[in-house]
Amino acid sequence: MAISGTREKWLMRGLSVPMLLLALTCLYPVFFAINNALKTDKDYILNRFSIVTDPTLQNFVNAWTRSRLSEYFLNSVVVTVGAVALLLAVSSLAGFAFAMLRFPYRKLLFIVILASLMIPVQVVLVPFYRTIVTLGLVNTRIGLIISYTAFFLPFCVYLMTAFYSGLPRELVEAARMDGAKLIQIWWHVMLPLGKPALITLGILNTLYCWNDVLISLLVLQKERTLMVGIAALKGEYTTNIPLLMAGIVIAAAPIVIIYIIFQRRIVNGIATGAVKG
Amino acid sequence: MGSPAERRIALLFIAPALLLVAVFRIFPLLWGFVLSFFDSDGMTKLEFVGFGNYVALASDNAFRDSVENTLILIATLPIWVALPMLLAILIHQGVPGGGFFRAVYFFPAVLSSVIIGSIFNMVLRYDGSLNAMLKAVGLVPVDWLGSGSTALYVLFSVQLWSTFGMSLLIFLAGLSTVPTELVEAARLDGAKPMQIWWHVIIPVLRPIIEFVGVVTTIGALTSMFGLIYVLTAGGPGTSTTLPEFLIWLEQGKMNRPGYAAAISMLLFSLMAGLAYVQIRIMSKNANL
């Protein structure tokens with residue numbers, strides 16, 4: 001749909017100016033965080049919105065060591081990697097079964113899993129927390145891994161089922177009488193074939209797990225993940241703002257890198273989730 | 001129906017997914033429903049109070065404020081849908097720099113609400129950089145986050161700013177399904193760009209508009225916790241408290257699980273209604 005008239009062309013050019021301003025506001029926070037992370041606390045108080053003149057990396061060192069961000073970072077990495085691995089394994093198994101195998105109550109069970117999308121964590125905060133406590137999962141990383149899996153799972157199962165439904169069922173025909181063979185087919189055929197969907201889900205769920213604060217606050221109350229650590233750093237009575245900004249740069253860096261590398265996949269994953277499901 | 005071996009293995013394959021969903025979502029939902037009819041006085045004793053918790057909510061100012069804030073939020077929803085739609089149409093029509101805009105607009109959506117909230121807290125607080133800038137050009141500073149009349153709108157604006165890129169992507173995906181012949185035919189008939197938008201593009205986008213509307217509402221009701229937590233902590237007073245944040249406060253700070261559960265159930269009924277609409281829209285779209 002190209003633009004024809006010259007008047008329309010000028011209209012479009014004119015409209016791109018406010019759009020550019022909006023785009024600049026989307027980049028501004030990154031500039032703000034990096035700019036102020038490089039200032040000393042005194043520097044920041046004297047010059048709140050000026051560009052840094054005498055950059056220092058001391059805030060990054062302090063945030064990493066004294067504010068214990070190194071520990072939180074490790075927690076976030078362990079929990080995110082664990083949850084994403086579990087999510088992919090559980091959802092590809094379920095997706096394989098729903099799409100390729102025939103068993104009683106197949107549709108009903110699929111709907112039950114999808115319908116749980118209607119139950120966000122806020123709605124079950126109290127009983128969910130008590131369940132976690134009863135099962136001895138509170139304050140454990142494995143507890144947080146399992147919680148993330150439970151809350152991010154339905155969309156993954158939906159997408160894997162949709163993806164595997166598009167593959168020919170002959171892939172499993174020969175093995176349908178033999179349970180052991182079906183497990184091998186999942187491992188040797190379904191996981192490799194499911195790669196495009198698994199990669200998209202892997203990236204999206206990495207973002208969700210890394211960025212989460214509510215479930216993490218609830219499950220890991222002694223140790224912290226990175227986002228809870230940042231929120232705590234921000235909540236301190238005398239907030240050292242350059243230190244906080246250094247923490248933010250550290251916490252956002254992995255996500256920004258992932259976004260730059262996988263931008264196309266993230267965008268497509270979101271569009272698929274929305275338009276098709 | 002498959003062979004016995006197939007059936008057994010299939011159930012084994014879906015068991016982990018089903019178990020996780022049942023134990024951590026469906027069972028807690030039922031438990032919360034029951035809990036909402038009980039009240040506890042202290043640590044252990046639970047007492048059946050019927051609809052007592054729900055009745056008490058009616059005269060709870062914090063709850064009333066959270067409902068009022070939710071209604072204001074819902075009243076602003078047309079902006080949440082129209083802004084990304086407008087921008088998506090402009091990008092789709094080939095505004096200069098469209099590809100760049102698309103990538104940059106989506107960027108805030110990948111950042112954690114904690115990160116966005118912390119940065120905006122520093123920018124918008126009374127001694128923050130925005131007021132420093134205002135003072136530098138001779139304007140009067142505004143207490144953006146500290147005054148009840150602005151804090152709620154600031155919160156909504158930050159949330160809108162950080163999520164509009166997501167809706168924009170959905171609209172762009174929808175726009176790619178608008179048949180070019182239809183637009184060309186309208187153009188040949190002498191239709192002006194505005195007429196083409198109004199009579200050709202927007203009708204095709206209608207299911208997407210509905211979808212974005214519902215998804216945005218669900219998102220606004222259940223994904224603002226992190227932002228509220230670091231940007232305003234629900235304040236000043238209760239002026240930026242939404243139900244999801246109130247549930248958090250109730251369950252954490254005061255030991256009233258039944259009361260928190262009652263608010264949860266009300267939020268759930270609203271969510272279930274919206275999700276029902278969402279599922280209907282999706283199945284309608286699938287039939288197209």
# chains A, B, ... in the order shown; residues from 1 in each chain; ligands from 1
>>> residues_around(residues="Ala103 (chain B)", least_positions_apart="5", cutoff="9 Å", atoms="only C-alpha atoms", output="NGL selection string")
(:A and (263 or 267)) or (:B and (98 or 165))
>>> closest_atom_pairs(of="chain B", to="chain A", cutoff="7 Å", atoms="only C-alpha atoms", output="JSON lines")
{"residue": "B:Met1", "atom": "CA", "partner": "A:Arg102", "partner_atom": "CA", "distance": 5.4}
{"residue": "B:Gly2", "atom": "CA", "partner": "A:Arg102", "partner_atom": "CA", "distance": 4.9}
{"residue": "B:Ser3", "atom": "CA", "partner": "A:Met177", "partner_atom": "CA", "distance": 6.1}
{"residue": "B:Ala5", "atom": "CA", "partner": "A:Gly179", "partner_atom": "CA", "distance": 5.4}
{"residue": "B:Glu6", "atom": "CA", "partner": "A:Arg176", "partner_atom": "CA", "distance": 5.8}
{"residue": "B:Arg7", "atom": "CA", "partner": "A:Phe103", "partner_atom": "CA", "distance": 4.9}
{"residue": "B:Ile9", "atom": "CA", "partner": "A:Gly179", "partner_atom": "CA", "distance": 5.8}
{"residue": "B:Ala10", "atom": "CA", "partner": "A:Ala97", "partner_atom": "CA", "distance": 5.2}
{"residue": "B:Phe13", "atom": "CA", "partner": "A:Leu93", "partner_atom": "CA", "distance": 5.3}
{"residue": "B:Ile14", "atom": "CA", "partner": "A:Ala94", "partner_atom": "CA", "distance": 4.4}
{"residue": "B:Pro16", "atom": "CA", "partner": "A:Val90", "partner_atom": "CA", "distance": 6.3}
{"residue": "B:Ala17", "atom": "CA", "partner": "A:Val90", "partner_atom": "CA", "distance": 5.9}
{"residue": "B:Leu18", "atom": "CA", "partner": "A:Ile113", "partner_atom": "CA", "distance": 6.7}
{"residue": "B:Leu20", "atom": "CA", "partner": "A:Ala150", "partner_atom": "CA", "distance": 5.2}
{"residue": "B:Val21", "atom": "CA", "partner": "A:Ala150", "partner_atom": "CA", "distance": 5.6}
{"residue": "B:Phe24", "atom": "CA", "partner": "A:Phe128", "partner_atom": "CA", "distance": 6.2}
{"residue": "B:Arg25", "atom": "CA", "partner": "A:Ile119", "partner_atom": "CA", "distance": 6.5}
{"residue": "B:Ile26", "atom": "CA", "partner": "A:Ser116", "partner_atom": "CA", "distance": 6.9}
{"residue": "B:Pro28", "atom": "CA", "partner": "A:Pro127", "partner_atom": "CA", "distance": 5.0}
{"residue": "B:Leu29", "atom": "CA", "partner": "A:Val124", "partner_atom": "CA", "distance": 5.6}
{"residue": "B:Trp31", "atom": "CA", "partner": "A:Pro127", "partner_atom": "CA", "distance": 6.2}
{"residue": "B:Gly32", "atom": "CA", "partner": "A:Pro127", "partner_atom": "CA", "distance": 5.8}
{"residue": "B:Gln93", "atom": "CA", "partner": "A:Met1", "partner_atom": "CA", "distance": 6.1}
{"residue": "B:Gly94", "atom": "CA", "partner": "A:Ala2", "partner_atom": "CA", "distance": 6.7}
{"residue": "B:Val95", "atom": "CA", "partner": "A:Met12", "partner_atom": "CA", "distance": 5.3}
{"residue": "B:Pro96", "atom": "CA", "partner": "A:Ser16", "partner_atom": "CA", "distance": 6.3}
{"residue": "B:Phe101", "atom": "CA", "partner": "A:Ala23", "partner_atom": "CA", "distance": 6.2}
{"residue": "B:Val104", "atom": "CA", "partner": "A:Ala23", "partner_atom": "CA", "distance": 6.0}
{"residue": "B:Tyr105", "atom": "CA", "partner": "A:Ala23", "partner_atom": "CA", "distance": 6.0}
{"residue": "B:Phe107", "atom": "CA", "partner": "A:Cys26", "partner_atom": "CA", "distance": 7.0}
{"residue": "B:Pro108", "atom": "CA", "partner": "A:Cys26", "partner_atom": "CA", "distance": 6.3}
{"residue": "B:Val110", "atom": "CA", "partner": "A:Leu207", "partner_atom": "CA", "distance": 6.8}
{"residue": "B:Leu111", "atom": "CA", "partner": "A:Ala252", "partner_atom": "CA", "distance": 6.8}
{"residue": "B:Ser112", "atom": "CA", "partner": "A:Asn211", "partner_atom": "CA", "distance": 4.5}
{"residue": "B:Val114", "atom": "CA", "partner": "A:Ala231", "partner_atom": "CA", "distance": 6.3}
{"residue": "B:Ile115", "atom": "CA", "partner": "A:Ile248", "partner_atom": "CA", "distance": 6.2}
{"residue": "B:Ser118", "atom": "CA", "partner": "A:Lys234", "partner_atom": "CA", "distance": 6.7}
{"residue": "B:Ile119", "atom": "CA", "partner": "A:Pro29", "partner_atom": "CA", "distance": 6.5}
{"residue": "B:Ser129", "atom": "CA", "partner": "A:Arg48", "partner_atom": "CA", "distance": 5.3}
{"residue": "B:Ala132", "atom": "CA", "partner": "A:Arg48", "partner_atom": "CA", "distance": 6.9}
{"residue": "B:Leu169", "atom": "CA", "partner": "A:Ala271", "partner_atom": "CA", "distance": 6.3}
{"residue": "B:Ile170", "atom": "CA", "partner": "A:Ala271", "partner_atom": "CA", "distance": 5.3}
{"residue": "B:Ala173", "atom": "CA", "partner": "A:Ala271", "partner_atom": "CA", "distance": 5.9}
{"residue": "B:Gly174", "atom": "CA", "partner": "A:Val275", "partner_atom": "CA", "distance": 7.0}
{"residue": "B:Thr180", "atom": "CA", "partner": "A:Met1", "partner_atom": "CA", "distance": 6.8}
{"residue": "B:Thr222", "atom": "CA", "partner": "A:Gln122", "partner_atom": "CA", "distance": 7.0}
{"residue": "B:Gly226", "atom": "CA", "partner": "A:Val213", "partner_atom": "CA", "distance": 6.1}
{"residue": "B:Val230", "atom": "CA", "partner": "A:Ala231", "partner_atom": "CA", "distance": 6.2}
{"residue": "B:Glu244", "atom": "CA", "partner": "A:Gln122", "partner_atom": "CA", "distance": 5.8}
{"residue": "B:Gln251", "atom": "CA", "partner": "A:Val126", "partner_atom": "CA", "distance": 6.3}
{"residue": "B:Pro257", "atom": "CA", "partner": "A:Val126", "partner_atom": "CA", "distance": 6.3}
{"residue": "B:Ala261", "atom": "CA", "partner": "A:Val126", "partner_atom": "CA", "distance": 6.7}
{"residue": "B:Ser264", "atom": "CA", "partner": "A:Val123", "partner_atom": "CA", "distance": 4.6}
{"residue": "B:Met265", "atom": "CA", "partner": "A:Val123", "partner_atom": "CA", "distance": 6.7}
{"residue": "B:Leu267", "atom": "CA", "partner": "A:Val123", "partner_atom": "CA", "distance": 6.6}
{"residue": "B:Phe268", "atom": "CA", "partner": "A:Val123", "partner_atom": "CA", "distance": 5.9}
{"residue": "B:Met271", "atom": "CA", "partner": "A:Met118", "partner_atom": "CA", "distance": 6.5}
{"residue": "B:Ala272", "atom": "CA", "partner": "A:Met118", "partner_atom": "CA", "distance": 5.9}
{"residue": "B:Ala275", "atom": "CA", "partner": "A:Met118", "partner_atom": "CA", "distance": 6.2}
{"residue": "B:Met282", "atom": "CA", "partner": "A:Gly277", "partner_atom": "CA", "distance": 6.5}
>>> select_by_dssp(residues="region 17-50 of chain B", states="strand (DSSP E)", output="ChimeraX atom specification")
/B:38-40,46-48
>>> atom_distance(atom1="CA of Gln184 (chain A)", atom2="CA of Leu167 (chain A)")
17.1 Å
>>> residues_around(residues="Val140 (chain B)", least_positions_apart="5", cutoff="9 Å", atoms="only C-alpha atoms", output="list in words")
Asn131, Leu134 and Lys135 of chain B
>>> write_last_selection(atoms="N, CA and C atoms", output="mmCIF file, in the first residue's frame")
data_model
loop_
_atom_site.group_PDB
_atom_site.id
_atom_site.type_symbol
_atom_site.label_atom_id
_atom_site.label_comp_id
_atom_site.auth_asym_id
_atom_site.auth_seq_id
_atom_site.Cartn_x
_atom_site.Cartn_y
_atom_site.Cartn_z
ATOM 1 N N ASN B 131 11.420 17.438 37.168
ATOM 2 C CA ASN B 131 11.197 18.720 37.835
ATOM 3 C C ASN B 131 12.443 19.599 37.779
ATOM 4 N N LEU B 134 12.133 21.171 34.528
ATOM 5 C CA LEU B 134 11.080 22.194 34.523
ATOM 6 C C LEU B 134 11.564 23.473 35.194
ATOM 7 N N LYS B 135 12.251 23.295 36.330
ATOM 8 C CA LYS B 135 12.740 24.461 37.057
ATOM 9 C C LYS B 135 13.778 25.207 36.211
#
>>> residues_around(residues="Val154 (chain B)", least_positions_apart="3", cutoff="10 Å", atoms="only C-alpha atoms", output="list in words")
Phe120, Leu124, Trp144, Leu145, Ser149, Thr150, Ala151, Ser157, Val158, Gln159, Leu160, Leu231, Thr232 and Thr240 of chain B
>>> write_last_selection(atoms="N, CA and C atoms", output="PDB file, in the first residue's frame")
ATOM      1  N   PHE B 120      11.371   5.492  36.152  1.00  0.00           N
ATOM      2  CA  PHE B 120      10.379   6.570  36.156  1.00  0.00           C
ATOM      3  C   PHE B 120      10.214   7.175  37.543  1.00  0.00           C
ATOM      4  N   LEU B 124      10.447  11.060  37.896  1.00  0.00           N
ATOM      5  CA  LEU B 124       9.214  11.796  38.203  1.00  0.00           C
ATOM      6  C   LEU B 124       9.089  12.254  39.648  1.00  0.00           C
ATOM      7  N   TRP B 144       4.472  14.844  40.777  1.00  0.00           N
ATOM      8  CA  TRP B 144       3.798  13.866  39.918  1.00  0.00           C
ATOM      9  C   TRP B 144       3.311  12.638  40.674  1.00  0.00           C
ATOM     10  N   LEU B 145       4.196  12.079  41.529  1.00  0.00           N
ATOM     11  CA  LEU B 145       3.859  10.819  42.184  1.00  0.00           C
ATOM     12  C   LEU B 145       3.286  11.034  43.578  1.00  0.00           C
ATOM     13  N   SER B 149      -4.001  13.659  42.750  1.00  0.00           N
ATOM     14  CA  SER B 149      -4.691  14.000  41.512  1.00  0.00           C
ATOM     15  C   SER B 149      -3.881  13.612  40.278  1.00  0.00           C
ATOM     16  N   THR B 150      -2.565  13.464  40.411  1.00  0.00           N
ATOM     17  CA  THR B 150      -1.766  13.123  39.234  1.00  0.00           C
ATOM     18  C   THR B 150      -1.249  11.685  39.252  1.00  0.00           C
ATOM     19  N   ALA B 151      -1.033  11.127  40.464  1.00  0.00           N
ATOM     20  CA  ALA B 151      -0.305   9.854  40.556  1.00  0.00           C
ATOM     21  C   ALA B 151      -0.957   8.738  39.738  1.00  0.00           C
ATOM     22  N   SER B 157      -0.153   6.194  32.520  1.00  0.00           N
ATOM     23  CA  SER B 157       0.640   6.630  31.359  1.00  0.00           C
ATOM     24  C   SER B 157       1.901   5.794  31.218  1.00  0.00           C
ATOM     25  N   VAL B 158       2.564   5.528  32.349  1.00  0.00           N
ATOM     26  CA  VAL B 158       3.789   4.727  32.276  1.00  0.00           C
ATOM     27  C   VAL B 158       3.463   3.323  31.785  1.00  0.00           C
ATOM     28  N   GLN B 159       2.364   2.757  32.290  1.00  0.00           N
ATOM     29  CA  GLN B 159       1.969   1.418  31.843  1.00  0.00           C
ATOM     30  C   GLN B 159       1.625   1.426  30.346  1.00  0.00           C
ATOM     31  N   LEU B 160       0.902   2.449  29.918  1.00  0.00           N
ATOM     32  CA  LEU B 160       0.555   2.562  28.498  1.00  0.00           C
ATOM     33  C   LEU B 160       1.818   2.664  27.663  1.00  0.00           C
ATOM     34  N   LEU B 231       6.830   1.993  41.635  1.00  0.00           N
ATOM     35  CA  LEU B 231       6.619   3.390  41.229  1.00  0.00           C
ATOM     36  C   LEU B 231       5.900   4.183  42.316  1.00  0.00           C
ATOM     37  N   THR B 232       4.796   3.643  42.851  1.00  0.00           N
ATOM     38  CA  THR B 232       3.998   4.425  43.794  1.00  0.00           C
ATOM     39  C   THR B 232       3.670   3.679  45.085  1.00  0.00           C
ATOM     40  N   THR B 240      -3.333   5.075  44.048  1.00  0.00           N
ATOM     41  CA  THR B 240      -2.930   4.256  42.899  1.00  0.00           C
ATOM     42  C   THR B 240      -3.059   2.765  43.220  1.00  0.00           C
TER      43      THR B 240
END
>>> atom_distance(atom1="CA of Pro242 (chain A)", atom2="CA of Ala37 (chain A)")
4.4 Å
>>> residues_around(residues="region 191-200 of chain A", least_positions_apart="3", cutoff="7 Å", atoms="only C-alpha atoms", output="PyMOL selection string")
chain A and resi 88+160+163+186-188+203-204+265-266+269
